[in-house]
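Shown next, in structure tokens, is the structure this report addresses.
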Amino acid sequence: MKPGGGPYCSPSVIAADYTRLDRAVAQAVRGGADWLHLDVMDGCFVPNITLGPPVVAAIRKICPLPLDVHLMIVEPRRHLDAFIRAGADWITVHVETCPHLHSDLALIRQAGRRAGVTLNPLTPVEALEPVLPFADLVLVMGVNPGFSGQKLIPETLAKVEWLRRRRSEGGYRFLIEFDGGVNPANASAILAAGCDVLVAGSAVYEAPNPARAIRALKAKR
Ligand code: DX5
Ligand code: ZN
């Protein structure tokens with residue numbers, strides 16, 4: 001996968017049937033998904049609680065796709081090793097939770113994984129300027145993190161445009177991912193802003209045919 005080579009899709013199992021995660025994985029593979037997005041929430045940084053390293057490790061056993069792990073937790077540094085050992089391939093931390101962000105990203109990379117950084121809707125994207133050389137992925141939140149099925153906050157698209165411009169000006173290689181409120185009606189605008197990877201939870205796993213929903217998102221231009 002390379003910047004500008006998309007659209008890529010990383011369906012989020014947050015909206016899947018938790019009693020059948022094996023089916024959610026099979027649907028993602030059948031739909032041609034590029035990654036599988038795992039939303040980790042601790043009930044502190046965000047109001048919801050979802051899954052942790054044991055579930056990531058279980059999915060690792062049955063999923064051939066790279067695991068795109070989004071940490072919506074306080075003090076992620078304390079848990080990076082557990083997620084690395086669980087088999088996460090891409091590990092994305094929130095800039096709001098990492099006072100030592102440079103060393104957090106370095107730790108992820110030193111473990112041979114890909115380091116991502118993300119920001120809440122009202123965190124200025126310029127806050128990421130110093131991080132850009134050290135990130136393999138920048139994830140733009142389209143909603144306030146915590147729950148699937150929310151409406152995209154349109155102002156967040158400008159962050160994608162800023163990131164694409166700074167990536168080209170700086171010659172950086174990070175991928176741009178967009179997460180939250182993605183659906184077939186807004187996917188083209190998100191891609192046009194410069195997004196490479198679309199995360200979709202409810203638009204995929206609440207669709208009658210999740211595999212077809214993934215293919216439809218990847219067909220968007
Ligand atoms: C929000 C999560 C997103 C979201 C995706 O906190 O990070 O991944 O659940 O779900 P949809 O696509 O339904 O907004
Ligand atoms: Zn997410």
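A note on labels: chains of the structure tokens are A, B, ... as shown, every chain counts residues from 1, and ligands are counted from 1 in their shown order.
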Kindly work out which residues sit at most 9 Å from ligand 1, using only C-alpha atoms and all ligand atoms, and give the list as a VMD selection string. chain A and resid 11 to 15 37 to 41 46 48 70 to 72 141 to 152 178 to 183 198 to 206
Could you give me the residues within range 7-159 of chain A that DSSP places in helix (DSSP H, G or I), as a PyMOL selection string? chain A and resi 13-15+18-30+53-62+76-86+95-97+101-110+125-134+154-159
Give me, as a list of chain:residue names, all polymer residues having an atom no more than 10 Å from Ala115 in chain A, counting only C-alpha atoms and skipping those fewer than 5 positions away in the same chain. A:Asp89, A:Trp90, A:Ile91, A:Thr92, A:Val93, A:Asp104, A:Leu105, A:Ala106, A:Leu107, A:Ile108, A:Arg109, A:Gln110, A:Phe134, A:Ala135, A:Asp136, A:Leu137, A:Val138, A:Phe174
Preceding selection exported with N, CA and C atoms as a PDB file, in the first residue's frame:
```pdb
ATOM      1  N   ASP A  89      -0.491  -5.026  13.739  1.00  0.00           N
ATOM      2  CA  ASP A  89       0.481  -4.629  12.713  1.00  0.00           C
ATOM      3  C   ASP A  89       0.645  -3.113  12.665  1.00  0.00           C
ATOM      4  N   TRP A  90      -0.447  -2.402  12.657  1.00  0.00           N
ATOM      5  CA  TRP A  90      -0.468  -0.929  12.682  1.00  0.00           C
ATOM      6  C   TRP A  90      -1.017  -0.546  14.047  1.00  0.00           C
ATOM      7  N   ILE A  91      -0.302   0.292  14.776  1.00  0.00           N
ATOM      8  CA  ILE A  91      -0.762   0.715  16.108  1.00  0.00           C
ATOM      9  C   ILE A  91      -0.845   2.234  16.116  1.00  0.00           C
ATOM     10  N   THR A  92      -2.053   2.740  16.316  1.00  0.00           N
ATOM     11  CA  THR A  92      -2.293   4.182  16.230  1.00  0.00           C
ATOM     12  C   THR A  92      -2.681   4.719  17.597  1.00  0.00           C
ATOM     13  N   VAL A  93      -1.946   5.755  18.022  1.00  0.00           N
ATOM     14  CA  VAL A  93      -2.203   6.381  19.326  1.00  0.00           C
ATOM     15  C   VAL A  93      -2.730   7.799  19.119  1.00  0.00           C
ATOM     16  N   ASP A 104       7.019   7.079  21.887  1.00  0.00           N
ATOM     17  CA  ASP A 104       5.970   6.052  21.725  1.00  0.00           C
ATOM     18  C   ASP A 104       5.981   5.501  20.297  1.00  0.00           C
ATOM     19  N   LEU A 105       6.071   6.417  19.330  1.00  0.00           N
ATOM     20  CA  LEU A 105       6.090   5.975  17.918  1.00  0.00           C
ATOM     21  C   LEU A 105       7.363   5.185  17.631  1.00  0.00           C
ATOM     22  N   ALA A 106       8.472   5.619  18.222  1.00  0.00           N
ATOM     23  CA  ALA A 106       9.749   4.909  18.004  1.00  0.00           C
ATOM     24  C   ALA A 106       9.667   3.496  18.570  1.00  0.00           C
ATOM     25  N   LEU A 107       9.019   3.348  19.723  1.00  0.00           N
ATOM     26  CA  LEU A 107       8.889   2.021  20.347  1.00  0.00           C
ATOM     27  C   LEU A 107       8.088   1.080  19.441  1.00  0.00           C
ATOM     28  N   ILE A 108       7.019   1.597  18.848  1.00  0.00           N
ATOM     29  CA  ILE A 108       6.201   0.778  17.934  1.00  0.00           C
ATOM     30  C   ILE A 108       7.041   0.334  16.740  1.00  0.00           C
ATOM     31  N   ARG A 109       7.802   1.280  16.172  1.00  0.00           N
ATOM     32  CA  ARG A 109       8.625   0.964  14.994  1.00  0.00           C
ATOM     33  C   ARG A 109       9.771   0.013  15.363  1.00  0.00           C
ATOM     34  N   GLN A 110      10.339   0.207  16.535  1.00  0.00           N
ATOM     35  CA  GLN A 110      11.460  -0.675  16.937  1.00  0.00           C
ATOM     36  C   GLN A 110      10.982  -2.118  17.079  1.00  0.00           C
ATOM     37  N   PHE A 134       7.844  10.993  11.630  1.00  0.00           N
ATOM     38  CA  PHE A 134       7.998   9.776  12.445  1.00  0.00           C
ATOM     39  C   PHE A 134       6.780   8.854  12.373  1.00  0.00           C
ATOM     40  N   ALA A 135       5.818   9.214  11.518  1.00  0.00           N
ATOM     41  CA  ALA A 135       4.577   8.431  11.465  1.00  0.00           C
ATOM     42  C   ALA A 135       4.465   7.680  10.142  1.00  0.00           C
ATOM     43  N   ASP A 136       3.983   6.431  10.243  1.00  0.00           N
ATOM     44  CA  ASP A 136       3.691   5.654   9.029  1.00  0.00           C
ATOM     45  C   ASP A 136       2.246   5.863   8.601  1.00  0.00           C
ATOM     46  N   LEU A 137       1.434   6.387   9.537  1.00  0.00           N
ATOM     47  CA  LEU A 137      -0.001   6.532   9.296  1.00  0.00           C
ATOM     48  C   LEU A 137      -0.500   7.726  10.106  1.00  0.00           C
ATOM     49  N   VAL A 138      -1.349   8.540   9.494  1.00  0.00           N
ATOM     50  CA  VAL A 138      -2.060   9.579  10.242  1.00  0.00           C
ATOM     51  C   VAL A 138      -3.556   9.316  10.066  1.00  0.00           C
ATOM     52  N   PHE A 174       3.788   8.931   5.017  1.00  0.00           N
ATOM     53  CA  PHE A 174       2.693   8.364   5.817  1.00  0.00           C
ATOM     54  C   PHE A 174       1.414   8.208   4.984  1.00  0.00           C
TER      55      PHE A 174
END
```
Quick one: pick out all strand (DSSP E) residues within range 68-199 of chain A from a backbone DSSP run and write them as a count of residues only. 29
Nearest to Leu51 in chain A by atom-to-atom distance, counting only C-alpha atoms, from A:Leu122, A:Leu80, A:Val197, A:Tyr18: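 When distances to Leu51 in chain A are compared using only C-alpha atoms, the smallest one comes from A:Tyr18.
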Nearest to Val131 in chain A among A:Leu21, A:Cys9, A:Cys44, A:Leu163, with distances taken over only C-alpha atoms: which residue is it?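 Closest to Val131 in chain A, using only C-alpha atoms: A:Leu163.
Among the candidates A:Arg85, A:Arg23, A:Arg60, A:His94, the one nearest to ligand 2 when counting only C-alpha atoms and all ligand atoms is A:His94.
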